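Note: the block below is work-v7.cif and it holds mmCIF, C-alpha atoms.
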```
data_data
#
loop_
_atom_site.label_atom_id
_atom_site.label_comp_id
_atom_site.auth_asym_id
_atom_site.auth_seq_id
_atom_site.Cartn_x
_atom_site.Cartn_y
_atom_site.Cartn_z
CA MET K 1 19.57 -17.33 -36.28
CA ALA K 2 16.05 -18.04 -35.12
CA SER K 3 17.28 -20.57 -32.58
CA ASP K 4 19.22 -17.77 -30.87
CA LEU K 5 16.02 -15.97 -29.89
CA VAL K 6 15.38 -15.89 -26.16
CA LEU K 7 12.18 -14.37 -24.80
CA TYR K 8 12.01 -13.29 -21.18
CA SER K 9 8.34 -13.77 -20.55
CA TYR K 10 5.67 -14.25 -17.92
CA TRP K 11 2.74 -16.45 -18.84
CA ARG K 12 0.06 -13.90 -17.95
CA SER K 13 1.81 -10.72 -19.15
CA SER K 14 -0.16 -9.03 -21.95
CA ALA K 15 2.97 -7.49 -23.39
CA ALA K 16 4.85 -10.81 -23.51
CA PHE K 17 1.73 -12.42 -25.01
CA ARG K 18 1.88 -9.93 -27.91
CA VAL K 19 5.47 -10.84 -28.71
CA ARG K 20 4.74 -14.58 -28.47
CA ILE K 21 2.00 -14.18 -31.09
CA ALA K 22 4.34 -12.25 -33.38
CA LEU K 23 7.07 -14.87 -33.05
CA ASN K 24 4.55 -17.60 -33.85
CA LEU K 25 3.07 -15.73 -36.83
CA LYS K 26 6.59 -15.39 -38.21
CA GLY K 27 7.25 -19.07 -37.63
CA LEU K 28 10.26 -18.32 -35.42
CA ARG K 29 11.47 -20.71 -32.77
CA TYR K 30 12.51 -19.22 -29.48
CA GLU K 31 13.47 -20.21 -25.98
CA THR K 32 11.26 -18.99 -23.14
CA ARG K 33 12.91 -17.84 -19.94
CA ALA K 34 10.27 -17.28 -17.31
CA VAL K 35 10.36 -14.16 -15.14
CA HIS K 36 7.88 -14.58 -12.31
CA LEU K 37 6.36 -11.15 -11.69
CA VAL K 38 5.07 -11.86 -8.18
CA ARG K 39 7.19 -14.55 -6.54
CA ASP K 40 9.99 -13.33 -4.27
CA GLY K 41 8.90 -9.73 -4.68
CA GLY K 42 9.06 -10.02 -8.46
CA GLU K 43 11.94 -11.63 -10.34
CA GLN K 44 11.84 -8.72 -12.79
CA HIS K 45 13.51 -6.66 -10.06
CA SER K 46 16.53 -8.97 -9.76
CA PRO K 47 19.86 -7.27 -10.59
CA ALA K 48 20.47 -9.75 -13.42
CA TYR K 49 17.17 -8.95 -15.12
CA ALA K 50 17.40 -5.21 -14.45
CA ALA K 51 20.74 -5.21 -16.25
CA LEU K 52 18.96 -6.51 -19.36
CA ASN K 53 15.87 -4.35 -18.98
CA PRO K 54 16.29 -1.19 -16.85
CA GLN K 55 12.52 -0.78 -16.70
CA GLU K 56 12.27 -4.12 -14.89
CA LEU K 57 9.31 -5.11 -17.03
CA VAL K 58 8.67 -8.07 -19.33
CA PRO K 59 9.15 -8.87 -22.12
CA THR K 60 12.76 -8.67 -23.22
CA LEU K 61 13.82 -10.38 -26.43
CA VAL K 62 17.46 -11.33 -26.91
CA ASP K 63 18.48 -11.90 -30.52
CA GLY K 64 22.12 -12.94 -30.52
CA ASP K 65 23.94 -9.97 -29.00
CA ARG K 66 20.95 -7.61 -29.32
CA VAL K 67 18.76 -6.93 -26.31
CA LEU K 68 15.33 -5.60 -27.24
CA THR K 69 12.67 -4.13 -24.97
CA GLN K 70 9.14 -2.73 -25.33
CA SER K 71 6.72 -5.14 -26.95
CA LEU K 72 5.67 -2.96 -29.92
CA ALA K 73 9.28 -2.09 -30.73
CA ILE K 74 10.13 -5.81 -30.59
CA VAL K 75 7.25 -6.72 -32.91
CA GLU K 76 8.28 -4.09 -35.47
CA TYR K 77 11.87 -5.34 -35.23
CA LEU K 78 10.69 -8.87 -35.98
CA ASP K 79 8.64 -7.53 -38.87
CA GLU K 80 11.68 -5.72 -40.31
CA THR K 81 14.11 -8.59 -39.83
CA HIS K 82 11.66 -11.34 -40.93
CA PRO K 83 9.34 -9.61 -43.41
CA GLU K 84 7.08 -12.60 -44.18
CA PRO K 85 4.25 -12.73 -43.39
CA PRO K 86 3.98 -8.96 -42.86
CA LEU K 87 2.38 -7.71 -39.65
CA LEU K 88 1.71 -4.23 -41.05
CA PRO K 89 0.09 -3.20 -44.35
CA LYS K 90 2.22 -1.55 -47.04
CA ASP K 91 0.51 1.84 -47.34
CA PRO K 92 1.39 4.62 -44.86
CA ALA K 93 -2.26 5.35 -44.01
CA GLY K 94 -2.94 1.68 -43.33
CA ARG K 95 0.22 1.38 -41.25
CA ALA K 96 -0.83 4.44 -39.25
CA ARG K 97 -4.28 2.93 -38.62
CA VAL K 98 -2.84 -0.38 -37.44
CA ARG K 99 -0.24 1.31 -35.25
CA ALA K 100 -2.88 3.59 -33.74
CA LEU K 101 -5.06 0.58 -32.83
CA ALA K 102 -2.03 -1.16 -31.32
CA GLN K 103 -1.10 1.95 -29.35
CA LEU K 104 -4.66 2.47 -28.18
CA VAL K 105 -4.17 -0.81 -26.31
CA ALA K 106 -0.46 -0.59 -25.53
CA CYS K 107 -0.38 3.06 -24.43
CA ASP K 108 -3.88 3.86 -23.25
CA ILE K 109 -5.33 0.68 -21.73
CA HIS K 110 -2.67 -1.76 -20.63
CA PRO K 111 -0.16 0.44 -18.72
CA ILE K 112 -2.85 2.05 -16.57
CA GLY K 113 -3.90 -1.36 -15.27
CA ASN K 114 -0.52 -3.03 -15.19
CA LEU K 115 0.50 -4.96 -12.06
CA ARG K 116 2.73 -2.16 -10.80
CA VAL K 117 -0.07 0.41 -11.06
CA LEU K 118 -2.51 -1.85 -9.21
CA GLN K 119 0.14 -2.33 -6.51
CA GLU K 120 0.63 1.44 -6.30
CA ILE K 121 -3.07 2.34 -5.95
CA GLY K 122 -3.14 -0.15 -3.08
CA LYS K 123 -0.09 1.40 -1.48
CA ALA K 124 -0.85 5.08 -2.13
CA PHE K 125 -4.64 5.07 -1.68
CA GLY K 126 -5.39 1.86 0.19
CA ALA K 127 -7.41 0.47 -2.73
CA ASP K 128 -8.76 -2.98 -1.91
CA ASP K 129 -9.32 -5.83 -4.37
CA GLU K 130 -12.78 -4.62 -5.35
CA GLN K 131 -11.51 -1.10 -5.99
CA LYS K 132 -8.65 -2.49 -8.05
CA SER K 133 -11.14 -4.48 -10.13
CA ALA K 134 -13.30 -1.40 -10.63
CA TRP K 135 -10.22 0.56 -11.70
CA MET K 136 -9.37 -2.10 -14.28
CA ARG K 137 -12.91 -2.33 -15.59
CA HIS K 138 -13.10 1.46 -15.97
CA TRP K 139 -10.03 1.78 -18.19
CA VAL K 140 -10.49 -1.43 -20.13
CA ALA K 141 -14.10 -0.61 -20.97
CA MET K 142 -13.22 2.95 -22.01
CA GLY K 143 -10.45 1.71 -24.27
CA LEU K 144 -12.37 -1.16 -25.83
CA GLN K 145 -15.28 1.16 -26.57
CA ALA K 146 -12.99 3.41 -28.62
CA PHE K 147 -11.37 0.38 -30.25
CA GLU K 148 -14.79 -0.98 -31.25
CA ALA K 149 -15.84 2.41 -32.65
CA THR K 150 -12.68 2.57 -34.75
CA LEU K 151 -13.33 -0.92 -36.12
CA VAL K 152 -16.98 -0.17 -36.89
CA ASN K 153 -16.16 3.13 -38.59
CA GLY K 154 -13.25 1.80 -40.66
CA LYS K 155 -13.89 0.33 -44.06
CA GLU K 156 -10.49 -1.40 -43.73
CA THR K 157 -11.83 -3.66 -40.98
CA GLY K 158 -12.07 -7.20 -42.30
CA ARG K 159 -11.86 -10.68 -40.88
CA TYR K 160 -9.17 -9.16 -38.64
CA CYS K 161 -8.61 -5.58 -37.45
CA HIS K 162 -7.17 -4.52 -40.80
CA GLY K 163 -8.14 -6.62 -43.76
CA ASP K 164 -8.09 -10.39 -43.86
CA THR K 165 -4.67 -11.17 -42.44
CA PRO K 166 -3.74 -10.97 -38.76
CA GLY K 167 -1.20 -8.36 -37.72
CA LEU K 168 0.04 -5.86 -35.17
CA ALA K 169 -3.39 -4.61 -34.09
CA ASP K 170 -4.75 -8.13 -33.60
CA LEU K 171 -1.79 -9.26 -31.54
CA CYS K 172 -2.43 -6.35 -29.18
CA LEU K 173 -6.19 -6.82 -29.10
CA VAL K 174 -6.29 -10.52 -28.21
CA PRO K 175 -4.20 -10.25 -25.00
CA GLN K 176 -6.29 -7.25 -23.96
CA VAL K 177 -9.52 -9.22 -24.44
CA TYR K 178 -8.00 -12.09 -22.46
CA ASN K 179 -7.19 -9.60 -19.72
CA ALA K 180 -10.71 -8.12 -19.89
CA ARG K 181 -12.23 -11.55 -19.32
CA ARG K 182 -9.90 -12.10 -16.37
CA TRP K 183 -11.20 -8.89 -14.80
CA LYS K 184 -14.81 -9.69 -15.74
CA VAL K 185 -15.30 -6.67 -18.00
CA PRO K 186 -18.67 -7.08 -19.79
CA LEU K 187 -17.89 -7.48 -23.49
CA GLY K 188 -21.38 -7.55 -25.02
CA ASP K 189 -21.07 -4.02 -26.37
CA TYR K 190 -18.07 -4.95 -28.53
CA PRO K 191 -19.35 -7.43 -31.12
CA THR K 192 -16.68 -6.60 -33.70
CA ILE K 193 -13.91 -7.11 -31.15
CA LEU K 194 -15.45 -10.44 -30.11
CA ARG K 195 -15.73 -11.56 -33.72
CA ILE K 196 -12.08 -10.74 -34.42
CA ASP K 197 -10.95 -12.28 -31.13
CA ALA K 198 -12.70 -15.52 -32.11
CA ALA K 199 -11.14 -15.48 -35.59
CA CYS K 200 -7.70 -15.07 -34.00
CA ALA K 201 -8.31 -17.79 -31.41
CA ALA K 202 -8.83 -20.24 -34.26
CA LEU K 203 -5.27 -19.66 -35.47
CA ASP K 204 -2.49 -21.87 -34.16
CA ALA K 205 -0.11 -18.90 -33.79
CA PHE K 206 -2.49 -17.24 -31.32
CA HIS K 207 -3.45 -20.46 -29.57
CA ARG K 208 0.13 -21.44 -28.82
CA ALA K 209 0.79 -17.96 -27.40
CA MET K 210 -2.04 -18.18 -24.86
CA PRO K 211 -1.02 -17.82 -21.21
CA GLU K 212 -2.18 -21.33 -20.32
CA GLN K 213 0.05 -22.82 -23.04
CA GLN K 214 3.24 -21.36 -21.58
CA PRO K 215 5.87 -23.45 -19.81
CA ASP K 216 5.63 -21.24 -16.72
CA ALA K 217 1.81 -21.41 -16.44
CA PRO K 218 0.59 -23.14 -13.29
CA SER K 219 -0.69 -26.63 -13.96
CA PRO K 220 -4.52 -26.74 -14.20
CA GLY K 221 -4.88 -28.50 -10.86
CA ALA K 222 -2.53 -26.16 -8.98
CA MET F 1 -0.32 18.82 -49.64
CA ALA F 2 1.45 20.14 -46.58
CA SER F 3 -0.95 23.06 -46.30
CA ASP F 4 -3.80 20.56 -45.87
CA LEU F 5 -2.41 19.36 -42.55
CA VAL F 6 -4.59 20.21 -39.58
CA LEU F 7 -3.45 19.38 -36.05
CA TYR F 8 -5.98 19.18 -33.26
CA SER F 9 -3.80 20.16 -30.35
CA TYR F 10 -3.72 21.46 -26.81
CA TRP F 11 -0.81 23.67 -25.88
CA ARG F 12 0.22 21.66 -22.80
CA SER F 13 -0.48 18.14 -24.10
CA SER F 14 2.71 16.06 -24.21
CA ALA F 15 1.37 13.92 -27.03
CA ALA F 16 0.47 16.93 -29.21
CA PHE F 17 3.88 18.46 -28.38
CA ARG F 18 5.57 15.35 -29.87
CA VAL F 19 3.69 15.71 -33.14
CA ARG F 20 4.40 19.45 -33.32
CA ILE F 21 8.13 18.73 -33.05
CA ALA F 22 7.91 16.10 -35.80
CA LEU F 23 6.01 18.46 -38.11
CA ASN F 24 8.60 21.16 -37.49
CA LEU F 25 11.58 18.81 -38.02
CA LYS F 26 10.03 17.82 -41.35
CA GLY F 27 9.51 21.45 -42.28
CA LEU F 28 5.78 20.93 -42.73
CA ARG F 29 3.28 23.74 -42.37
CA TYR F 30 0.08 22.94 -40.55
CA GLU F 31 -2.95 24.63 -39.11
CA THR F 32 -3.52 24.32 -35.36
CA ARG F 33 -7.05 23.78 -34.10
CA ALA F 34 -7.09 24.10 -30.34
CA VAL F 35 -8.99 21.58 -28.23
CA HIS F 36 -9.19 22.86 -24.68
CA LEU F 37 -8.88 19.84 -22.40
CA VAL F 38 -10.38 21.46 -19.30
CA ARG F 39 -12.77 24.24 -20.31
CA ASP F 40 -16.47 23.30 -20.46
CA GLY F 41 -15.73 19.83 -19.14
CA GLY F 42 -13.18 19.24 -21.89
CA GLU F 43 -13.71 20.09 -25.55
CA GLN F 44 -12.22 16.69 -26.45
CA HIS F 45 -15.52 15.17 -25.29
CA SER F 46 -17.61 17.19 -27.76
CA PRO F 47 -19.53 15.04 -30.27
CA ALA F 48 -17.75 16.72 -33.17
CA TYR F 49 -14.30 15.89 -31.81
CA ALA F 50 -15.28 12.39 -30.65
CA ALA F 51 -16.39 11.65 -34.21
CA LEU F 52 -12.82 12.38 -35.35
CA ASN F 53 -11.11 10.67 -32.42
CA PRO F 54 -13.21 8.06 -30.56
CA GLN F 55 -10.70 8.06 -27.69
CA GLU F 56 -11.48 11.74 -27.08
CA LEU F 57 -7.79 12.48 -26.68
CA VAL F 58 -5.43 14.86 -28.45
CA PRO F 59 -3.72 14.95 -30.85
CA THR F 60 -5.52 14.17 -34.08
CA LEU F 61 -3.83 14.98 -37.38
CA VAL F 62 -5.96 15.43 -40.47
CA ASP F 63 -4.08 15.05 -43.77
CA GLY F 64 -6.56 15.70 -46.56
CA ASP F 65 -9.19 13.00 -46.13
CA ARG F 66 -7.10 10.94 -43.70
CA VAL F 67 -7.73 11.18 -39.97
CA LEU F 68 -4.78 10.02 -37.88
CA THR F 69 -4.65 9.37 -34.15
CA GLN F 70 -2.06 8.27 -31.58
CA SER F 71 1.02 10.47 -31.52
CA LEU F 72 3.63 7.79 -32.26
CA ALA F 73 1.58 6.40 -35.15
CA ILE F 74 1.25 9.94 -36.51
CA VAL F 75 4.99 10.57 -36.25
CA GLU F 76 5.82 7.34 -38.09
CA TYR F 77 3.24 8.26 -40.74
CA LEU F 78 4.94 11.62 -41.22
CA ASP F 79 8.30 9.86 -41.42
CA GLU F 80 7.00 7.48 -44.11
CA THR F 81 5.22 10.14 -46.16
CA HIS F 82 7.97 12.77 -45.81
CA PRO F 83 11.20 10.77 -45.43
CA GLU F 84 13.60 13.70 -45.05
CA PRO F 85 15.06 14.28 -42.56
CA PRO F 86 14.52 10.76 -41.14
CA LEU F 87 13.26 10.46 -37.58
CA LEU F 88 14.39 6.84 -37.23
CA PRO F 89 17.74 5.23 -38.09
CA LYS F 90 17.98 2.81 -41.01
CA ASP F 91 19.06 -0.40 -39.21
CA PRO F 92 16.43 -2.59 -37.52
CA ALA F 93 18.33 -2.75 -34.23
CA GLY F 94 18.68 1.03 -34.13
CA ARG F 95 15.02 1.49 -35.03
CA ALA F 96 14.05 -0.89 -32.23
CA ARG F 97 16.18 1.04 -29.75
CA VAL F 98 14.66 4.38 -30.72
CA ARG F 99 11.12 2.99 -30.69
CA ALA F 100 11.71 1.39 -27.29
CA LEU F 101 12.88 4.72 -25.85
CA ALA F 102 9.86 6.46 -27.36
CA GLN F 103 7.52 3.81 -25.99
CA LEU F 104 9.15 3.93 -22.57
CA VAL F 105 7.79 7.49 -22.41
CA ALA F 106 4.61 7.09 -24.44
CA CYS F 107 3.43 3.81 -22.92
CA ASP F 108 4.98 3.65 -19.48
CA ILE F 109 5.24 7.21 -18.18
CA HIS F 110 2.84 9.56 -19.87
CA PRO F 111 -0.48 7.62 -19.85
CA ILE F 112 -0.27 6.82 -16.14
CA GLY F 113 -0.10 10.54 -15.34
CA ASN F 114 -2.38 11.83 -18.04
CA LEU F 115 -5.11 14.32 -17.10
CA ARG F 116 -7.85 11.70 -17.17
CA VAL F 117 -5.95 9.41 -14.78
CA LEU F 118 -5.31 12.28 -12.36
CA GLN F 119 -9.02 13.10 -12.52
CA GLU F 120 -9.88 9.45 -11.84
CA ILE F 121 -7.61 9.02 -8.79
CA GLY F 122 -9.34 12.11 -7.40
CA LYS F 123 -12.77 10.69 -8.10
CA ALA F 124 -12.12 7.04 -7.15
CA PHE F 125 -9.78 7.51 -4.18
CA GLY F 126 -10.24 11.12 -3.14
CA ALA F 127 -6.65 11.99 -4.02
CA ASP F 128 -5.93 15.66 -3.30
CA ASP F 129 -3.54 17.90 -5.21
CA GLU F 130 -0.53 16.86 -3.14
CA GLN F 131 -1.31 13.18 -3.66
CA LYS F 132 -1.73 13.77 -7.38
CA SER F 133 1.67 15.46 -7.47
CA ALA F 134 3.24 12.56 -5.57
CA TRP F 135 1.64 10.11 -8.02
CA MET F 136 3.11 12.03 -10.96
CA ARG F 137 6.56 12.28 -9.39
CA HIS F 138 6.59 8.55 -8.64
CA TRP F 139 5.96 7.42 -12.22
CA VAL F 140 7.95 10.13 -13.94
CA ALA F 141 11.01 9.50 -11.77
CA MET F 142 10.78 5.73 -12.26
CA GLY F 143 10.54 6.12 -16.02
CA LEU F 144 13.27 8.74 -16.39
CA GLN F 145 15.62 6.61 -14.30
CA ALA F 146 15.22 3.72 -16.77
CA PHE F 147 15.52 6.14 -19.71
CA GLU F 148 18.77 7.56 -18.29
CA ALA F 149 20.17 4.05 -17.70
CA THR F 150 19.39 3.11 -21.30
CA LEU F 151 21.16 6.22 -22.57
CA VAL F 152 24.20 5.69 -20.34
CA ASN F 153 24.51 2.01 -21.29
CA GLY F 154 24.03 2.54 -25.03
CA LYS F 155 27.02 3.24 -27.22
CA GLU F 156 24.56 4.66 -29.78
CA THR F 157 23.79 7.61 -27.52
CA GLY F 158 25.23 10.75 -29.07
CA ARG F 159 24.41 14.42 -29.06
CA TYR F 160 20.81 13.22 -29.08
CA CYS F 161 19.23 9.97 -27.87
CA HIS F 162 20.47 8.04 -30.88
CA GLY F 163 23.46 9.48 -32.68
CA ASP F 164 23.84 13.10 -33.65
CA THR F 165 20.51 13.86 -35.28
CA PRO F 166 17.25 14.42 -33.42
CA GLY F 167 14.48 11.87 -33.89
CA LEU F 168 11.57 9.93 -32.49
CA ALA F 169 13.10 9.29 -29.06
CA ASP F 170 14.05 12.95 -28.59
CA LEU F 171 10.63 14.23 -29.55
CA CYS F 172 9.14 12.02 -26.83
CA LEU F 173 11.78 12.86 -24.23
CA VAL F 174 11.58 16.66 -24.44
CA PRO F 175 7.82 16.92 -23.69
CA GLN F 176 8.27 14.46 -20.82
CA VAL F 177 11.07 16.58 -19.33
CA TYR F 178 8.88 19.68 -19.73
CA ASN F 179 6.13 17.81 -17.88
CA ALA F 180 8.58 16.68 -15.17
CA ARG F 181 9.59 20.29 -14.54
CA ARG F 182 5.94 21.29 -14.30
CA TRP F 183 5.42 18.66 -11.59
CA LYS F 184 8.72 19.56 -9.88
CA VAL F 185 10.35 16.18 -10.34
CA PRO F 186 14.02 16.49 -9.27
CA LEU F 187 16.12 15.95 -12.39
CA GLY F 188 19.65 16.00 -10.98
CA ASP F 189 20.05 12.22 -11.30
CA TYR F 190 19.54 12.35 -15.07
CA PRO F 191 22.52 14.27 -16.49
CA THR F 192 22.36 12.61 -19.91
CA ILE F 193 18.68 13.42 -20.25
CA LEU F 194 19.34 17.03 -19.26
CA ARG F 195 22.21 17.32 -21.75
CA ILE F 196 20.04 16.01 -24.59
CA ASP F 197 17.08 18.15 -23.54
CA ALA F 198 19.31 21.22 -23.71
CA ALA F 199 20.65 20.22 -27.14
CA CYS F 200 17.09 19.88 -28.40
CA ALA F 201 15.96 23.15 -26.84
CA ALA F 202 18.56 24.91 -28.96
CA LEU F 203 16.85 23.73 -32.15
CA ASP F 204 14.20 25.90 -33.74
CA ALA F 205 11.95 22.88 -34.47
CA PHE F 206 11.75 22.09 -30.78
CA HIS F 207 11.49 25.69 -29.65
CA ARG F 208 8.54 26.46 -31.91
CA ALA F 209 6.74 23.36 -30.61
CA MET F 210 6.97 24.44 -26.96
CA PRO F 211 3.66 24.83 -25.14
CA GLU F 212 4.20 28.55 -24.54
CA GLN F 213 4.67 29.14 -28.28
CA GLN F 214 1.25 27.75 -29.20
CA PRO F 215 -1.66 29.93 -30.35
CA ASP F 216 -3.86 28.52 -27.58
CA ALA F 217 -1.36 29.13 -24.76
CA PRO F 218 -2.56 31.64 -22.17
CA SER F 219 -0.84 35.00 -22.54
CA PRO F 220 2.02 35.44 -20.03
CA GLY F 221 0.12 37.96 -17.97
CA ALA F 222 -3.08 35.91 -17.80
#
```

Structure re-expressed in structure tokens:
Amino acid sequence: MASDLVLYSYWRSSAAFRVRIALNLKGLRYETRAVHLVRDGGEQHSPAYAALNPQELVPTLVDGDRVLTQSLAIVEYLDETHPEPPLLPKDPAGRARVRALAQLVACDIHPIGNLRVLQEIGKAFGADDEQKSAWMRHWVAMGLQAFEATLVNGKETGRYCHGDTPGLADLCLVPQVYNARRWKVPLGDYPTILRIDAACAALDAFHRAMPEQQPDAPSPGA
Amino acid sequence: MASDLVLYSYWRSSAAFRVRIALNLKGLRYETRAVHLVRDGGEQHSPAYAALNPQELVPTLVDGDRVLTQSLAIVEYLDETHPEPPLLPKDPAGRARVRALAQLVACDIHPIGNLRVLQEIGKAFGADDEQKSAWMRHWVAMGLQAFEATLVNGKETGRYCHGDTPGLADLCLVPQVYNARRWKVPLGDYPTILRIDAACAALDAFHRAMPEQQPDAPSPGA
């Protein structure tokens, strides 16, 4: 039952953001349980949460008695259990293209700049805030450049990353662009990405998934 | 046609290793084109290769006129275009479990210790070889610990990561264990991983995919 869905989330987590978009695109209701990644040393490291998710990362989706981890695996699970509207095209080549775009973000940009990696470059190499920002900008720019090139070169690129309906690649791209803005990565070289990001932002499913819309987001005046 | 498959590969790349295992499990013949990741500043940065793969990473699989990137997307493409033997279970929950294990490796271990990241911590922070090794050991151990916990806690764990046939999770695990041995990560705390790694090593499809078996591997005396 849709009402049994519980998402362990953090408002600013890119990976949780992806799953929130997917849940919204599918029209599924879910309960958010906030996991604060910084407070008290990180609630994701609590024994209760680690028992659900041994990686001690968000998100985790609980669907009845099933505990699901890894954002892309969760999104494909939702797509298989609730096929409409589809988040992947039907043809194997199209599916491979969409998955590759999603993985470009989820494997090759996001994990290298995740909170735990930034903490570790501080600890291991004494990186200060400016060096951490430079680290982020380096990897995000490199990844977005390849993403843009793939969009420009692909005749399948439409209003969204693949054709004219939003899907798996878009729900990875939008949180990454949000993250890029947070880290002040210049985005002028990626006009196709910006166009698709704007098209997604106009959709209610994406808007409601935004970090600032989450129950655990700090209030604007805080 | 199977004989049209061309894999751009590097003998010691974990991501290419995954795709080689998948091709072998499917019984597909393919031509290897070696991309040397270090020589001449890295052949993956050549304009000809970058035109195929804008990320300038291996592997790339060419299937006729289709150019496929990202190892997990390639493996799922092979599974969809050549369904037997399947590399994923049939049930959505099982598929999500296998994909999550694969992504634990492919998103949260491997990219953080990839060649380009090791090069960058040297360049940005002056990390020496010992610090690079410590960096690798840190992330590999953290990831394998969570992988082991998932295997131990999951009643679906069998002779392989999911039941008694090898699949997507196994073909990610084995290259990661190979990589862990290369970086001298102690593996004694991961008995289930070691048992599954040994079961896979006994299979011809895995053996033929090993780095040392590749046409571009240095000869033993070199």

Evaluate the PyMOL selection byres ((chain F) within 8 of (chain K)) here and jot the selected residues down as an NGL selection string.
:F and (54-55 or 66 or 68-70 or 72-74 or 76-77 or 80-81 or 92-93 or 95-97 or 99-100 or 103-104 or 106-108 or 111-112 or 125 or 127 or 143 or 146-147 or 149-150)

Expand the PyMOL selection byres ((chain K and resi 200-213) around 9) into the individual residues it matches in the shown file, reporting them as a VMD selection string.
chain K and resid 10 to 14 17 to 27 160 166 170 to 171 174 to 175 178 195 to 199 214 to 220

Length of the atom CA of Leu118 of chain K to atom CA of Cys172 of chain F vector [Å]:
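About the pair atom CA of Leu118 of chain K and atom CA of Cys172 of chain F: they are 25.3 Å apart.
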
I need the output of the PyMOL selection byres ((chain K and resi 32) around 8) for this file as a PyMOL selection string; which residues are they?
chain K and resi 6-9+30-31+33-34+215

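The space separating atom CA of Ala15 of chain K from atom CA of Val58 of chain K comes to 7.0 Å.
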
Could you tell me how far atom CA of Ala180 of chain F lies from atom CA of Val140 of chain F, in Å and to one decimal?
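Going from atom CA of Ala180 of chain F over to atom CA of Val140 of chain F, I get 6.7 Å.
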
Across F:Pro47, F:Gly158, F:Gly163, F:Gly64, the smallest distance to Asp4 of chain F, with all atoms listed in the file counted, is shown by F:Gly64

Can you work out which one of F:His45, F:His162, F:Lys155, F:Arg137 has the shortest atom-to-atom distance to Arg182 of chain F, counting all atoms listed in the file?
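Comparing F:His45, F:His162, F:Lys155, F:Arg137 against Arg182 of chain F, the winner is F:Arg137.
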
Between F:Arg39, F:Ile193, F:Gly167, F:Leu57, which one has atoms that come closest to Leu87 of chain F, using all atoms listed in the file?
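Result for the nearest residue to Leu87 of chain F: F:Gly167.
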